[in-house]
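Trainee: I'd like to ask you about the structure that follows.
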Amino acid sequence: MLKYNTFSITARCEKTNQFGIAVSTKVPAVGSLVPYARAGVGAIASQSFVNPYIGINGLNYLEEGLSAEEVMQRVVKEDPVPELRQFSIVDREGNSVAYTGDKCDTWHGHITGKNYAVAGNMLVGEATIQAMETSFKENKDLDFAERLIESLFAGQLAGGDKRGKQSAALYIVDTEAYPSVDLRVDEHEDPIVELKRIYQVAEKELFPFSHTLPTLKNPGGTVDLETSRKMGLLQDE
């Protein structure tokens, strides 16, 4: 079994209705299997002895109209070894739940509140998730992505993964079937610092083009030649 002993925050932005997950661990590529989110539906982080189908099936159940609590009960019932799992769910109403199996490693636990759930296992201690919750609640003035990154920073400063640092990820959905933010640090000595740096680069070199992508309302997208030229992506003839 692949094991993501990690700490994460799963959340909904009360101002924009975006859903997102920020996560970090001492294993490569945490963004590949832990975060799951769907626009207008909800977000799920599946970790510890990770079961991707908790995220995949869980989002389907949320879309069918089940609440976060109902989805938690269903996926636990469907899993043959729930005692090894840890996951968090936030639904479209901002209701949150989390589950931590009693066979997760070392210190393990979770905290939930309106629009967020924080969870971790194999941590230095409870201070990690407490610091993440405090940061998220106190930084409502920040953009949602920055708020999630700062929460992750706070968790790392409070101890983080007992084994050290290696990867981090930020995944956010807005109104479309594709993510508005999908950034990953797969192997780095200080992955959350690197994640923040990459986010700042993306703010200048990637996100300005987000409005040009095809959408459900505008399937053809918009070609923004002026912005492309300003950023050096096109050259005048």
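Each chain of the structure tokens is named A, B, ... in the order shown, its residues numbered from 1; ligands are numbered from 1 in display order.
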Could you pull out the strand (DSSP E) residues of range 78-156 of chain A, going by DSSP on the backbone, and write them as a ChimeraX atom specification?
Mentor: /A:85-91,96-100,107-113,116-123
Trainee: For the residues selected in the previous step, produce a file with N, CA and C atoms as a PDB file, in the first residue's frame.
Mentor:
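And here is the file that came out, result_30.pdb:
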```pdb
ATOM      1  N   ARG A  85      -7.267   4.330   6.865  1.00  0.00           N
ATOM      2  CA  ARG A  85      -7.511   5.510   6.034  1.00  0.00           C
ATOM      3  C   ARG A  85      -7.634   6.793   6.851  1.00  0.00           C
ATOM      4  N   GLN A  86      -7.352   7.888   6.174  1.00  0.00           N
ATOM      5  CA  GLN A  86      -7.656   9.212   6.699  1.00  0.00           C
ATOM      6  C   GLN A  86      -8.146  10.061   5.536  1.00  0.00           C
ATOM      7  N   PHE A  87      -9.233  10.788   5.737  1.00  0.00           N
ATOM      8  CA  PHE A  87      -9.730  11.644   4.668  1.00  0.00           C
ATOM      9  C   PHE A  87     -10.552  12.785   5.236  1.00  0.00           C
ATOM     10  N   SER A  88     -10.674  13.839   4.427  1.00  0.00           N
ATOM     11  CA  SER A  88     -11.466  15.018   4.783  1.00  0.00           C
ATOM     12  C   SER A  88     -12.403  15.337   3.627  1.00  0.00           C
ATOM     13  N   ILE A  89     -13.599  15.836   3.954  1.00  0.00           N
ATOM     14  CA  ILE A  89     -14.588  16.178   2.938  1.00  0.00           C
ATOM     15  C   ILE A  89     -15.220  17.524   3.275  1.00  0.00           C
ATOM     16  N   VAL A  90     -15.355  18.387   2.267  1.00  0.00           N
ATOM     17  CA  VAL A  90     -16.138  19.617   2.385  1.00  0.00           C
ATOM     18  C   VAL A  90     -17.140  19.618   1.238  1.00  0.00           C
ATOM     19  N   ASP A  91     -18.424  19.798   1.541  1.00  0.00           N
ATOM     20  CA  ASP A  91     -19.437  19.742   0.488  1.00  0.00           C
ATOM     21  C   ASP A  91     -19.833  21.138   0.012  1.00  0.00           C
ATOM     22  N   SER A  96     -18.411  20.198   6.671  1.00  0.00           N
ATOM     23  CA  SER A  96     -17.145  19.471   6.635  1.00  0.00           C
ATOM     24  C   SER A  96     -17.159  18.293   7.598  1.00  0.00           C
ATOM     25  N   VAL A  97     -16.467  17.234   7.185  1.00  0.00           N
ATOM     26  CA  VAL A  97     -16.258  16.072   8.049  1.00  0.00           C
ATOM     27  C   VAL A  97     -14.849  15.558   7.795  1.00  0.00           C
ATOM     28  N   ALA A  98     -14.343  14.784   8.722  1.00  0.00           N
ATOM     29  CA  ALA A  98     -13.058  14.117   8.534  1.00  0.00           C
ATOM     30  C   ALA A  98     -13.102  12.784   9.254  1.00  0.00           C
ATOM     31  N   TYR A  99     -12.289  11.875   8.768  1.00  0.00           N
ATOM     32  CA  TYR A  99     -12.236  10.530   9.338  1.00  0.00           C
ATOM     33  C   TYR A  99     -10.770  10.142   9.492  1.00  0.00           C
ATOM     34  N   THR A 100     -10.414   9.608  10.653  1.00  0.00           N
ATOM     35  CA  THR A 100      -9.057   9.133  10.913  1.00  0.00           C
ATOM     36  C   THR A 100      -9.136   7.735  11.499  1.00  0.00           C
ATOM     37  N   TRP A 107       1.270  10.180  15.683  1.00  0.00           N
ATOM     38  CA  TRP A 107       0.186  11.090  16.028  1.00  0.00           C
ATOM     39  C   TRP A 107      -0.698  11.279  14.805  1.00  0.00           C
ATOM     40  N   HIS A 108      -2.005  11.126  14.994  1.00  0.00           N
ATOM     41  CA  HIS A 108      -2.947  11.305  13.896  1.00  0.00           C
ATOM     42  C   HIS A 108      -4.238  11.903  14.438  1.00  0.00           C
ATOM     43  N   GLY A 109      -4.864  12.740  13.619  1.00  0.00           N
ATOM     44  CA  GLY A 109      -6.097  13.364  14.051  1.00  0.00           C
ATOM     45  C   GLY A 109      -6.588  14.394  13.062  1.00  0.00           C
ATOM     46  N   HIS A 110      -7.694  15.058  13.384  1.00  0.00           N
ATOM     47  CA  HIS A 110      -8.285  16.031  12.477  1.00  0.00           C
ATOM     48  C   HIS A 110      -9.093  17.067  13.254  1.00  0.00           C
ATOM     49  N   ILE A 111      -9.356  18.191  12.595  1.00  0.00           N
ATOM     50  CA  ILE A 111     -10.194  19.269  13.118  1.00  0.00           C
ATOM     51  C   ILE A 111     -11.112  19.706  11.979  1.00  0.00           C
ATOM     52  N   THR A 112     -12.371  19.944  12.276  1.00  0.00           N
ATOM     53  CA  THR A 112     -13.294  20.424  11.250  1.00  0.00           C
ATOM     54  C   THR A 112     -14.013  21.678  11.721  1.00  0.00           C
ATOM     55  N   GLY A 113     -14.437  22.478  10.745  1.00  0.00           N
ATOM     56  CA  GLY A 113     -15.216  23.675  11.023  1.00  0.00           C
ATOM     57  C   GLY A 113     -15.970  24.047   9.766  1.00  0.00           C
ATOM     58  N   TYR A 116     -14.099  24.115   6.232  1.00  0.00           N
ATOM     59  CA  TYR A 116     -12.742  23.576   6.221  1.00  0.00           C
ATOM     60  C   TYR A 116     -12.641  22.302   7.054  1.00  0.00           C
ATOM     61  N   ALA A 117     -11.638  21.497   6.690  1.00  0.00           N
ATOM     62  CA  ALA A 117     -11.251  20.333   7.500  1.00  0.00           C
ATOM     63  C   ALA A 117      -9.742  20.200   7.398  1.00  0.00           C
ATOM     64  N   VAL A 118      -9.090  20.018   8.526  1.00  0.00           N
ATOM     65  CA  VAL A 118      -7.637  19.864   8.597  1.00  0.00           C
ATOM     66  C   VAL A 118      -7.341  18.481   9.160  1.00  0.00           C
ATOM     67  N   ALA A 119      -6.404  17.761   8.530  1.00  0.00           N
ATOM     68  CA  ALA A 119      -6.102  16.409   8.997  1.00  0.00           C
ATOM     69  C   ALA A 119      -4.631  16.097   8.814  1.00  0.00           C
ATOM     70  N   GLY A 120      -4.122  15.199   9.658  1.00  0.00           N
ATOM     71  CA  GLY A 120      -2.729  14.797   9.525  1.00  0.00           C
ATOM     72  C   GLY A 120      -2.458  13.492  10.241  1.00  0.00           C
ATOM     73  N   ASN A 121      -1.423  12.804   9.787  1.00  0.00           N
ATOM     74  CA  ASN A 121      -0.994  11.572  10.444  1.00  0.00           C
ATOM     75  C   ASN A 121       0.521  11.459  10.348  1.00  0.00           C
ATOM     76  N   MET A 122       1.119  10.717  11.256  1.00  0.00           N
ATOM     77  CA  MET A 122       2.565  10.663  11.452  1.00  0.00           C
ATOM     78  C   MET A 122       3.146  12.061  11.598  1.00  0.00           C
ATOM     79  N   LEU A 123       2.488  12.860  12.421  1.00  0.00           N
ATOM     80  CA  LEU A 123       2.923  14.227  12.660  1.00  0.00           C
ATOM     81  C   LEU A 123       3.756  14.318  13.931  1.00  0.00           C
TER      82      LEU A 123
END
```
Trainee: Applying 6 Å and only C-alpha atoms, which residues near Ala22 in chain A remain after dropping the ones on its own chain fewer than 5 positions away? List them as a PyMOL selection string.
Mentor: chain A and resi 8-9+148+169-170
Trainee: Taking only C-alpha atoms into account, name the residue in A:Gln156, A:Thr128, A:Thr25, A:Thr175 that is nearest to Ala37 in chain A.
Mentor: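 Comparing A:Gln156, A:Thr128, A:Thr25, A:Thr175 against Ala37 in chain A, the winner is A:Thr175.
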Trainee: With only C-alpha atoms as the atoms that count, which of A:Arg74, A:Lys137, A:Arg197, A:Lys26 lies nearest to Leu59 in chain A?
Mentor: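 Going through A:Arg74, A:Lys137, A:Arg197, A:Lys26 one by one, the smallest distance to Leu59 in chain A is for A:Arg74.
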Trainee: Check the smallest atom-to-atom distance from each of A:Phe7, A:Val23, A:Ser48, A:Ala202 to Val181 in chain A using only C-alpha atoms, then report the winner.
Mentor: A:Ala202
Trainee: Could you tell me how far CA of Val27 in chain A lies from CA of Thr106 in chain A, in Å and to one decimal?
Mentor: 16.2 Å
Trainee: Could you please write out, as a list of chain:residue names, every residue of range 69-131 of chain A that DSSP assigns to alpha helix (DSSP H)?
Mentor: A:Glu69, A:Glu70, A:Val71, A:Met72, A:Gln73, A:Arg74, A:Val75, A:Val76, A:Lys77, A:Glu78, A:Ala127, A:Thr128, A:Ile129, A:Gln130, A:Ala131
Trainee: Can you list, as a list in words, every protein, DNA or RNA residue that comes within 10 Å of Thr212 in chain A when you count only C-alpha atoms, leaving out same-chain residues fewer than 2 positions away?
Mentor: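 In the requested format, the answer is Phe207, Pro208, Phe209, Ser210, Pro214, Thr215, Asn218, Gly220, Gly221, Thr222, Val223 and Asp224 of chain A.
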Trainee: Output C-alpha atoms for every residue in that selection, as a PDB file, in the first residue's frame.
Mentor:
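Ended up saving to part35.pdb:
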```
ATOM      1  CA  PHE A 207      -3.058  32.937 -14.312  1.00  0.00           C
ATOM      2  CA  PRO A 208      -3.400  36.111 -16.468  1.00  0.00           C
ATOM      3  CA  PHE A 209      -4.361  33.781 -19.332  1.00  0.00           C
ATOM      4  CA  SER A 210      -6.983  31.814 -17.411  1.00  0.00           C
ATOM      5  CA  PRO A 214     -12.618  27.614 -23.249  1.00  0.00           C
ATOM      6  CA  THR A 215     -15.430  27.504 -20.695  1.00  0.00           C
ATOM      7  CA  ASN A 218     -17.709  30.081 -24.113  1.00  0.00           C
ATOM      8  CA  GLY A 220     -14.169  28.556 -28.098  1.00  0.00           C
ATOM      9  CA  GLY A 221     -12.294  30.532 -25.486  1.00  0.00           C
ATOM     10  CA  THR A 222     -10.780  33.937 -26.173  1.00  0.00           C
ATOM     11  CA  VAL A 223      -7.530  34.671 -27.945  1.00  0.00           C
ATOM     12  CA  ASP A 224      -5.854  37.492 -26.023  1.00  0.00           C
TER      13      ASP A 224
END
```
Trainee: Excluding range 61-67 of chain A and its own-chain neighbours fewer than 4 positions away, which residues fall within 7 Å of it when counting only C-alpha atoms? Please give them as a count of residues only.
Mentor: 5
Trainee: Between A:Val75, A:Val193, A:Ala145, A:Val124, which has the minimum distance to Arg163 in chain A (counting only C-alpha atoms)?
Mentor: A:Val124
Trainee: Compile the contact shell of Ile172 in chain A as a count of residues only: residues with an atom at most 12 Å away, counting only C-alpha atoms, same-chain residues fewer than 5 positions apart removed.
Mentor: 38
Trainee: Work out how far apart CA of Tyr199 in chain A and CA of Ala131 in chain A are and give it in Å to one decimal.
Mentor: 21.7 Å
Trainee: Quick one: of A:Leu195, A:Glu189, A:Glu176, A:Asn139, who's nearest to Leu216 in chain A, counting only C-alpha atoms?
Mentor: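 Looking only at the distances to Leu216 in chain A, the closest residue turns out to be A:Glu176.
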Trainee: I want to know what sits within 10 Å of Leu84 in chain A, based on only C-alpha atoms, with residues of the same chain fewer than 3 positions away left out; could you give that as a VMD selection string?
Mentor: chain A and resid 3 47 to 51 79 to 81 100 to 105
Trainee: Include N, CA and C atoms and write out the residues we just selected as a compact mmCIF listing (two decimals), in the first residue's frame.
Mentor:
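So result.txt came out as:
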```txt
# COMPACT_ATOMS: atom_id res chain seq x y z
N LYS A 3 1.65 4.92 1.06
CA LYS A 3 1.34 5.58 2.31
C LYS A 3 1.70 7.06 2.24
N GLN A 47 -5.74 10.36 2.38
CA GLN A 47 -4.34 10.21 2.77
C GLN A 47 -4.12 9.03 3.70
N SER A 48 -3.01 8.99 4.40
CA SER A 48 -2.54 7.83 5.16
C SER A 48 -2.28 6.69 4.16
N PHE A 49 -2.77 5.46 4.42
CA PHE A 49 -2.67 4.42 3.40
C PHE A 49 -3.71 4.78 2.35
N VAL A 50 -3.28 5.55 1.35
CA VAL A 50 -4.21 6.28 0.49
C VAL A 50 -5.08 5.36 -0.36
N ASN A 51 -6.37 5.68 -0.39
CA ASN A 51 -7.31 5.01 -1.28
C ASN A 51 -7.87 6.06 -2.22
N ASP A 79 -15.06 0.63 2.22
CA ASP A 79 -13.63 0.33 2.30
C ASP A 79 -13.40 -0.90 3.18
N PRO A 80 -12.66 -1.90 2.69
CA PRO A 80 -12.43 -3.10 3.50
C PRO A 80 -11.49 -2.89 4.68
N VAL A 81 -10.69 -1.82 4.65
CA VAL A 81 -9.76 -1.56 5.75
C VAL A 81 -9.82 -0.09 6.16
N THR A 100 -10.41 9.61 10.65
CA THR A 100 -9.06 9.13 10.91
C THR A 100 -9.14 7.73 11.50
N GLY A 101 -8.67 6.74 10.74
CA GLY A 101 -8.69 5.37 11.21
C GLY A 101 -7.76 5.17 12.39
N ASP A 102 -8.12 4.24 13.27
CA ASP A 102 -7.34 4.07 14.50
C ASP A 102 -6.00 3.37 14.29
N LYS A 103 -5.72 2.94 13.05
CA LYS A 103 -4.42 2.33 12.76
C LYS A 103 -3.53 3.24 11.92
N CYS A 104 -3.89 4.51 11.81
CA CYS A 104 -2.97 5.46 11.19
C CYS A 104 -1.75 5.61 12.09
N ASP A 105 -0.61 6.00 11.50
CA ASP A 105 0.67 5.99 12.22
C ASP A 105 0.85 7.16 13.19
```
Trainee: Which residue, A:Lys165, A:Glu70, A:Tyr171, A:Ile192, has the smallest gap to Leu152 in chain A when you use only C-alpha atoms?
Mentor: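 Looking at the shortest contact to Leu152 in chain A, the residue is A:Ile192.
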